[in-house]
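Trainee: Okay, handing you the structure first.
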Amino acid sequence: MTDSRTASGRAARTRRHDPGQRAVAARADSSARPDPALPPADERGRRGISEATVARLPVYLRALTTLIERGITTASSEALATAAGVNSAKLRKDLSYLGSYGTRGVGYDVEYLRYQISREIGLTQDWPVVIVGVGNLGQALAGYAGFTSRGFRIVALVDADRTRTGETHADLQVQPLDALESLVEKLGISIGVITTPASAAQQVADRLVACGVTSILNFAPVVLSVPDEVDVRKVDLSIELQILAFHEQRKTHDSDAGRLVMGGRE
């Protein structure tokens with residue numbers, strides 16, 4: 001079973017032309033001097049991008065998008081790190097893997113850096129996605145407009161419940177589970193999203209793998225068994241809430257302990 005943390009995509013079956021790519025690339029400052037605190041370029045080239053770095057790239061991308069929306073064209077590593085919620089040394093090291101050092105005394109070209117990161121994690125391509133399981137969560141994901149602006153197209157909705165066949169959500173008609181294989185082939189689907197009950201998730205994963213889907217986003221509360229070449233990202237909202245509950249409990253404990261200490265001093 002492979003639970004990959006890799007966010008970079010495999011080659012898409014369909015690609016989207018990026019008309020601004022050349023213009024953005026032309027803005028790269030070829031005379032930029034590297035930060036002496038970063039590893040040399042030749043050493044960087046021999047390293048693979050770590051899983052931790054890959055996981056942070058979408059965070060940097062979101063921060064850069066926010067800066068662009070605010071009209072900011074250049075940003076120092078400190079400013080970008082603050083916007084992303086990481087320390088600046090870690091950010092500079094992460095970006096060095098992309099060959100992006102910025103310009104001394106100026107910082108990073110925000111638009112060009114966003115392009116670099118988008119290209120690295122595969123968002124300059126078009127990724128067709130199928131959602132299997134059209135319950136409340138599946139419907140919410142189908143209607144989320146943010147996917148399109150980030151390079152993902154929900155192209156098919158599938159559900160095992162025949163009574164749902166023909167329902168329309170986000171301008172897509174729900175198809176029966178039996179149509180999954182033909183939809184993947186016909187629409188060139190690259191990514192499958194599983195929002196089924198836990199009891200059905202493994203069967204759905206097996207069918208996705210069998211018809212050639214090699215990237216799966218799993219919302220079902222179960223660990224999937226898939227071949228090594230298949231990447232799986234698991235989203236378990238209950239676990240995330242439990243982690244928050246832990247921190248809330250810790251904060252309450254620390255607060256109570258602080259009051260006891262202060263009371264003892266009185």
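The way I read the labels, and the way they are meant: chains A, B, ... in the order of the structure tokens, residue 1 as the first residue of every chain, and ligand 1 as the first ligand shown, with later ones counted on from there.
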Counting only C-alpha atoms, which residues in region 107-195 of chain A sit no more than 8 Å from region 48-65 of chain A? For each one, give the nearest pair of atoms and the distance in Å, sorted by chain then residue number, as a Markdown table.

Mentor:
```
| residue | atom | partner | partner_atom | distance |
| --- | --- | --- | --- | --- |
| A:Val110 | CA | A:Leu64 | CA | 6.2 |
| A:Glu111 | CA | A:Leu64 | CA | 7.6 |
| A:Leu113 | CA | A:Leu64 | CA | 7.9 |
| A:Arg114 | CA | A:Leu61 | CA | 5.8 |
| A:Ile117 | CA | A:Leu61 | CA | 6.6 |
| A:Ser118 | CA | A:Leu61 | CA | 7.3 |
| A:Ile121 | CA | A:Leu57 | CA | 7.8 |
```

Trainee: Per DSSP on the backbone, what are the strand (DSSP E) residues of region 41-150 of chain A, as a ChimeraX atom specification?

Mentor: /A:74-75,108-109,127-132

Trainee: Rounded to one decimal place, report the CA of Gln202 (chain A)-CA of Asp178 (chain A) distance in Å.

Mentor: 15.7 Å

Trainee: In Å, how far is it from CA of Gly151 (chain A) to CA of Gly188 (chain A)?

Mentor: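 Atom-to-atom, CA of Gly151 (chain A) and CA of Gly188 (chain A) are spaced 14.7 Å apart.
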
Trainee: Considering only alpha helix (DSSP H) as DSSP defines it on the backbone, what residues of region 96-242 of chain A qualify? List them as a PyMOL selection string.

Mentor: chain A and resi 96+110-120+136-142+146-149+180-187+198-210+237-242

Trainee: Near Ala200 (chain A), counting only C-alpha atoms, which residues have an atom at most 12 Å away, once you skip same-chain residues fewer than 2 positions from it, shown as a PyMOL selection string?

Mentor: chain A and resi 132-133+159-161+177+194-198+202-207+218-224

Trainee: If you count only C-alpha atoms, which residues fall within 12 Å of Glu78 (chain A), apart from same-chain ones fewer than 4 positions away, as number ranges by chain?

Mentor: A: 74, 82-92, 106-108

Trainee: Just the residues within 12 Å of Thr168 (chain A), please, counting only C-alpha atoms, with nothing from its chain fewer than 5 positions along; format it as a tab-separated table (two decimals) with N, CA and C atoms, in the first residue's frame.

Mentor:
```tsv
chain	number	residue	atom	x	y	z
A	134	VAL	N	-21.53	10.29	-4.76
A	134	VAL	CA	-22.14	11.62	-4.90
A	134	VAL	C	-23.10	11.88	-3.75
A	139	GLN	N	-21.04	15.99	-3.64
A	139	GLN	CA	-21.72	17.12	-4.27
A	139	GLN	C	-21.01	18.43	-3.96
A	142	ALA	N	-17.91	18.62	-6.06
A	142	ALA	CA	-18.26	18.85	-7.47
A	142	ALA	C	-18.58	20.31	-7.72
A	143	GLY	N	-19.16	20.98	-6.74
A	143	GLY	CA	-19.56	22.37	-6.91
A	143	GLY	C	-18.51	23.39	-6.51
A	156	ALA	N	-16.52	14.06	-14.35
A	156	ALA	CA	-17.49	12.97	-14.23
A	156	ALA	C	-17.85	12.73	-12.77
A	157	LEU	N	-19.12	12.41	-12.55
A	157	LEU	CA	-19.63	12.03	-11.24
A	157	LEU	C	-20.20	10.62	-11.35
A	158	VAL	N	-19.81	9.76	-10.41
A	158	VAL	CA	-20.23	8.36	-10.48
A	158	VAL	C	-20.76	7.93	-9.12
A	173	GLN	N	-24.09	15.21	-15.04
A	173	GLN	CA	-25.06	14.17	-14.69
A	173	GLN	C	-24.35	13.01	-14.02
A	174	VAL	N	-24.97	12.49	-12.96
A	174	VAL	CA	-24.41	11.35	-12.26
A	174	VAL	C	-24.53	10.11	-13.15
A	175	GLN	N	-23.40	9.39	-13.25
A	175	GLN	CA	-23.35	8.17	-14.04
A	175	GLN	C	-23.30	6.95	-13.12
```
